[in-house]
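Here the structure comes first, spelled out in structure tokens, and everything after it is commentary.
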Amino acid sequence: MRFDLTCLNAALLFFIANVVRLIQNLVELKHYLNKEEFSWEKWKALDVNYLQSTWQIRVNEADLSFIGDMLNVLAWLSFSIPILQIGWILSKGGKRYIQIHSLMVGLVIVGTSVEIVANLMKRGQVDALQFLSGLNINNWTGSNDGTGWRVLEMLRIVTDGKHARVWAELIYIIELCLVLPLKKFFRFLIF
């Protein structure tokens, strides 16, 4: 049985990236389960001491997060190579069904680009939040009330869903650019 090395490489990179992310999540979960002070109520109330200890855990485990994110970027890059090769081979060198194969190649390029940009944006946001957590953010207002830790946690909550939003926007753009113009052409396929 013969395997294409580029496909095997992509699958291996995806697997390793997901294992690293799983390990990072399990390490973080272990910290939460071992802490006697873990409390949903403290997190919802944005308790300053709780947030400080949580951010200390996140900063300590930053290397695993970085490795997982970068392996995911490499996996997407290596995944696009065999798909582009398949598009070229199936079109018989650009001589057969050029439109559908060009669409396939275009979607792979757009999807891979979106995934890479989303991963790198997420990585930049995580690094910026970790940098901010190292600053003196206890005394932003002069009353030493920990407002900085509360703002930092709210920023993390808001930016965590950015990856899903990028894909939702891509699907919307594809619908506007491809599905709606082709709807009139392929009327018999629409229910």
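In the structure tokens, chains take the letters A, B, ... in the order shown, each chain's residues start at 1, and ligands count up from 1 in the order shown.
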
Tell me which protein, DNA and RNA residues are within 12 Å of Asn60 (chain A), counting only C-alpha atoms, leaving out same-chain ones fewer than 5 positions away, and put them as an MDAnalysis selection string. chainID A and resid 24 27:28 31 53:55 65:66 130 133:134

What does the file look like for those residues with all heavy atoms, as an mmCIF file, in the first residue's frame?
```
data_model
loop_
_atom_site.group_PDB
_atom_site.id
_atom_site.type_symbol
_atom_site.label_atom_id
_atom_site.label_comp_id
_atom_site.auth_asym_id
_atom_site.auth_seq_id
_atom_site.Cartn_x
_atom_site.Cartn_y
_atom_site.Cartn_z
ATOM 1 N N GLN A 24 -2.600 20.654 26.421
ATOM 2 C CA GLN A 24 -2.664 21.984 27.042
ATOM 3 C C GLN A 24 -3.980 22.170 27.790
ATOM 4 O O GLN A 24 -4.002 22.670 28.906
ATOM 5 C CB GLN A 24 -2.504 23.070 25.971
ATOM 6 C CG GLN A 24 -2.458 24.461 26.539
ATOM 7 C CD GLN A 24 -3.419 25.416 25.884
ATOM 8 O OE1 GLN A 24 -3.976 25.115 24.831
ATOM 9 N NE2 GLN A 24 -3.626 26.544 26.503
ATOM 10 N N VAL A 27 -3.866 20.041 30.987
ATOM 11 C CA VAL A 27 -3.006 20.646 32.011
ATOM 12 C C VAL A 27 -3.736 21.802 32.680
ATOM 13 O O VAL A 27 -3.717 21.942 33.916
ATOM 14 C CB VAL A 27 -1.670 21.109 31.385
ATOM 15 C CG1 VAL A 27 -0.905 22.021 32.323
ATOM 16 C CG2 VAL A 27 -0.825 19.914 31.003
ATOM 17 N N GLU A 28 -4.406 22.624 31.878
ATOM 18 C CA GLU A 28 -5.165 23.740 32.450
ATOM 19 C C GLU A 28 -6.325 23.223 33.302
ATOM 20 O O GLU A 28 -6.583 23.740 34.390
ATOM 21 C CB GLU A 28 -5.681 24.638 31.328
ATOM 22 C CG GLU A 28 -6.228 25.962 31.809
ATOM 23 C CD GLU A 28 -6.549 26.894 30.656
ATOM 24 O OE1 GLU A 28 -5.866 26.840 29.620
ATOM 25 O OE2 GLU A 28 -7.486 27.681 30.806
ATOM 26 N N HIS A 31 -5.086 22.058 36.653
ATOM 27 C CA HIS A 31 -4.879 23.173 37.579
ATOM 28 C C HIS A 31 -6.197 23.627 38.189
ATOM 29 O O HIS A 31 -6.269 23.912 39.380
ATOM 30 C CB HIS A 31 -4.205 24.354 36.871
ATOM 31 C CG HIS A 31 -2.750 24.152 36.617
ATOM 32 N ND1 HIS A 31 -1.824 24.022 37.617
ATOM 33 C CD2 HIS A 31 -2.063 24.043 35.461
ATOM 34 C CE1 HIS A 31 -0.626 23.854 37.108
ATOM 35 N NE2 HIS A 31 -0.749 23.857 35.788
ATOM 36 N N SER A 53 -4.711 34.497 39.628
ATOM 37 C CA SER A 53 -4.186 33.123 39.675
ATOM 38 C C SER A 53 -4.483 32.380 38.379
ATOM 39 O O SER A 53 -3.654 31.602 37.902
ATOM 40 C CB SER A 53 -4.766 32.371 40.875
ATOM 41 O OG SER A 53 -6.160 32.226 40.749
ATOM 42 N N THR A 54 -5.629 32.642 37.775
ATOM 43 C CA THR A 54 -5.967 32.007 36.499
ATOM 44 C C THR A 54 -5.013 32.459 35.404
ATOM 45 O O THR A 54 -4.546 31.649 34.593
ATOM 46 C CB THR A 54 -7.420 32.330 36.112
ATOM 47 O OG1 THR A 54 -8.282 31.879 37.138
ATOM 48 C CG2 THR A 54 -7.809 31.669 34.814
ATOM 49 N N TRP A 55 -4.712 33.739 35.369
ATOM 50 C CA TRP A 55 -3.792 34.246 34.345
ATOM 51 C C TRP A 55 -2.376 33.734 34.572
ATOM 52 O O TRP A 55 -1.631 33.547 33.612
ATOM 53 C CB TRP A 55 -3.834 35.768 34.273
ATOM 54 C CG TRP A 55 -4.906 36.201 33.338
ATOM 55 C CD1 TRP A 55 -6.165 36.605 33.650
ATOM 56 C CD2 TRP A 55 -4.835 36.211 31.923
ATOM 57 N NE1 TRP A 55 -6.885 36.862 32.511
ATOM 58 C CE2 TRP A 55 -6.083 36.634 31.441
ATOM 59 C CE3 TRP A 55 -3.849 35.906 31.006
ATOM 60 C CZ2 TRP A 55 -6.359 36.757 30.087
ATOM 61 C CZ3 TRP A 55 -4.125 36.025 29.658
ATOM 62 C CH2 TRP A 55 -5.369 36.452 29.216
ATOM 63 N N SER A 65 0.467 26.197 24.103
ATOM 64 C CA SER A 65 -0.498 26.866 23.231
ATOM 65 C C SER A 65 0.182 27.345 21.949
ATOM 66 O O SER A 65 -0.355 27.178 20.849
ATOM 67 C CB SER A 65 -1.129 28.036 23.979
ATOM 68 O OG SER A 65 -1.955 28.778 23.139
ATOM 69 N N PHE A 66 1.356 27.916 22.088
ATOM 70 C CA PHE A 66 2.104 28.408 20.923
ATOM 71 C C PHE A 66 2.459 27.258 19.982
ATOM 72 O O PHE A 66 2.280 27.348 18.769
ATOM 73 C CB PHE A 66 3.365 29.141 21.375
ATOM 74 C CG PHE A 66 4.221 29.614 20.239
ATOM 75 C CD1 PHE A 66 3.865 30.743 19.531
ATOM 76 C CD2 PHE A 66 5.362 28.926 19.872
ATOM 77 C CE1 PHE A 66 4.638 31.191 18.469
ATOM 78 C CE2 PHE A 66 6.142 29.354 18.820
ATOM 79 C CZ PHE A 66 5.780 30.494 18.114
ATOM 80 N N GLN A 130 -1.244 38.036 27.168
ATOM 81 C CA GLN A 130 -0.255 37.546 28.121
ATOM 82 C C GLN A 130 0.756 38.629 28.466
ATOM 83 O O GLN A 130 1.194 38.736 29.610
ATOM 84 C CB GLN A 130 0.448 36.303 27.576
ATOM 85 C CG GLN A 130 -0.447 35.098 27.575
ATOM 86 C CD GLN A 130 0.159 33.903 26.887
ATOM 87 O OE1 GLN A 130 1.188 34.003 26.233
ATOM 88 N NE2 GLN A 130 -0.494 32.769 27.014
ATOM 89 N N SER A 133 -0.894 40.871 30.933
ATOM 90 C CA SER A 133 -1.021 40.273 32.265
ATOM 91 C C SER A 133 0.267 40.416 33.065
ATOM 92 O O SER A 133 0.241 40.324 34.290
ATOM 93 C CB SER A 133 -1.422 38.801 32.165
ATOM 94 O OG SER A 133 -0.345 38.026 31.701
ATOM 95 N N GLY A 134 1.385 40.652 32.396
ATOM 96 C CA GLY A 134 2.649 40.843 33.086
ATOM 97 C C GLY A 134 2.866 42.267 33.564
ATOM 98 O O GLY A 134 3.793 42.537 34.331
#
```

Please return as a PyMOL selection string: the residues of chain A that backbone DSSP assigns to helix (DSSP H, G or I). chain A and resi 5-34+40-44+48-60+62-90+98-133+147-160+162-185+187-189

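You can rank A:Leu64, A:Leu135, A:Ala168, A:Val151 by their closest distance to Leu26 (chain A) using only C-alpha atoms, and at the top of that list sits A:Leu64.
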
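Distances to Gly124 (chain A) were evaluated for A:Ile137, A:Ile16, A:Val48, A:Met70 using only C-alpha atoms, and the minimum falls at A:Met70.
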
Spatial neighbours of Ala11 (chain A), 12 Å, only C-alpha atoms, chain gap at least 6 places, as a list in words: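 Result of the neighbour search: Phe3, Asp4, Leu5, Ala17, Asn18, Leu71, Asn72, Leu74, Ala75, Trp76, Leu77, Ser78, Phe79, Ser80 and Pro82 of chain A.
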
Coordinates-based distance that separates CA of Val114 (chain A) from CA of Val73 (chain A) (Å, one decimal):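 A separation of 10.6 Å between them.
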
Non-local contacts of Gln52 (chain A) (12 Å; only C-alpha atoms; under 3 positions in same chain excluded) as a PyMOL selection string: chain A and resi 42-43+46-49+55-59+130+132-138+146-153

In Å and to one decimal, CA of Leu129 (chain A) is distant from CA of Tyr50 (chain A) by 16.6 Å

Got a sec: who's within 12 Å of Leu107 (chain A), counting only C-alpha atoms, leaving out chain neighbours fewer than 3 positions off, as a PyMOL selection string? chain A and resi 80+83-84+87+100-104+110-115+170-171+173-174+178

Residues from the last selection, N, CA, C and O atoms, saved as a CSV table (one decimal), in the first residue's frame:
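Everything below was put into selection_29.csv:
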```csv
chain,number,residue,atom,x,y,z
A,80,SER,N,-3.1,22.0,2.1
A,80,SER,CA,-3.5,22.6,0.8
A,80,SER,C,-2.7,22.0,-0.4
A,80,SER,O,-3.2,22.0,-1.5
A,83,ILE,N,-4.3,18.9,-2.1
A,83,ILE,CA,-5.6,19.3,-2.7
A,83,ILE,C,-5.4,20.1,-4.0
A,83,ILE,O,-6.0,19.9,-5.0
A,84,LEU,N,-4.4,21.0,-4.0
A,84,LEU,CA,-4.0,21.7,-5.2
A,84,LEU,C,-3.5,20.8,-6.3
A,84,LEU,O,-3.8,20.9,-7.5
A,87,GLY,N,-6.5,19.0,-7.8
A,87,GLY,CA,-7.2,19.9,-8.7
A,87,GLY,C,-6.5,19.9,-10.1
A,87,GLY,O,-7.1,19.9,-11.2
A,100,ILE,N,-14.8,24.0,-12.6
A,100,ILE,CA,-15.0,23.3,-11.4
A,100,ILE,C,-13.7,23.1,-10.6
A,100,ILE,O,-13.7,23.2,-9.4
A,101,HIS,N,-12.7,22.8,-11.4
A,101,HIS,CA,-11.4,22.5,-10.7
A,101,HIS,C,-10.8,23.9,-10.2
A,101,HIS,O,-10.1,23.9,-9.2
A,102,SER,N,-11.0,24.9,-11.0
A,102,SER,CA,-10.6,26.2,-10.5
A,102,SER,C,-11.3,26.7,-9.3
A,102,SER,O,-10.7,27.3,-8.4
A,103,LEU,N,-12.6,26.4,-9.2
A,103,LEU,CA,-13.4,26.7,-8.0
A,103,LEU,C,-12.9,25.9,-6.8
A,103,LEU,O,-12.7,26.4,-5.7
A,104,MET,N,-12.6,24.6,-7.1
A,104,MET,CA,-12.0,23.8,-6.0
A,104,MET,C,-10.7,24.3,-5.5
A,104,MET,O,-10.5,24.5,-4.3
A,110,VAL,N,-8.6,29.9,-0.5
A,110,VAL,CA,-9.3,30.9,0.4
A,110,VAL,C,-9.4,30.3,1.8
A,110,VAL,O,-9.1,30.9,2.8
A,111,GLY,N,-9.8,29.0,1.9
A,111,GLY,CA,-10.0,28.4,3.2
A,111,GLY,C,-8.7,28.3,4.0
A,111,GLY,O,-8.7,28.5,5.2
A,112,THR,N,-7.6,27.9,3.3
A,112,THR,CA,-6.3,27.8,4.0
A,112,THR,C,-5.9,29.1,4.4
A,112,THR,O,-5.4,29.3,5.5
A,113,SER,N,-6.0,30.1,3.6
A,113,SER,CA,-5.6,31.5,3.9
A,113,SER,C,-6.4,32.0,5.1
A,113,SER,O,-5.8,32.6,6.1
A,114,VAL,N,-7.7,31.8,5.1
A,114,VAL,CA,-8.5,32.2,6.3
A,114,VAL,C,-8.1,31.5,7.5
A,114,VAL,O,-8.0,32.1,8.6
A,115,GLU,N,-7.9,30.2,7.4
A,115,GLU,CA,-7.5,29.4,8.6
A,115,GLU,C,-6.1,29.9,9.2
A,115,GLU,O,-6.0,30.1,10.4
A,170,LEU,N,-16.7,34.0,6.1
A,170,LEU,CA,-16.3,33.4,4.8
A,170,LEU,C,-17.5,32.6,4.2
A,170,LEU,O,-17.7,32.8,3.0
A,171,ILE,N,-18.2,31.9,4.9
A,171,ILE,CA,-19.4,31.2,4.4
A,171,ILE,C,-20.4,32.2,3.8
A,171,ILE,O,-21.0,32.0,2.7
A,173,ILE,N,-19.7,35.2,2.6
A,173,ILE,CA,-19.1,35.8,1.4
A,173,ILE,C,-19.2,34.8,0.3
A,173,ILE,O,-19.6,35.2,-0.9
A,174,ILE,N,-19.0,33.5,0.5
A,174,ILE,CA,-19.1,32.5,-0.5
A,174,ILE,C,-20.6,32.4,-1.0
A,174,ILE,O,-20.8,32.3,-2.2
A,178,LEU,N,-21.1,33.2,-4.8
A,178,LEU,CA,-21.3,32.0,-5.6
A,178,LEU,C,-22.7,31.5,-5.7
A,178,LEU,O,-23.2,31.3,-6.8
```

Identify which of the residues A:Gly68, A:Gly106, A:Gly94, A:Gly142 lies closest to Lys122 (chain A), counting only C-alpha atoms when measuring atom-to-atom distances.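 Nearest to Lys122 (chain A): A:Gly68.
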
Between A:Cys7, A:Val126, A:Leu13, A:Ala62, which residue has the minimum interatomic distance to Asn25 (chain A), considering only C-alpha atoms? A:Ala62

What does the structure give for the distance between CA of Gln125 (chain A) and CA of Leu22 (chain A), in Å to one decimal? 20.1 Å
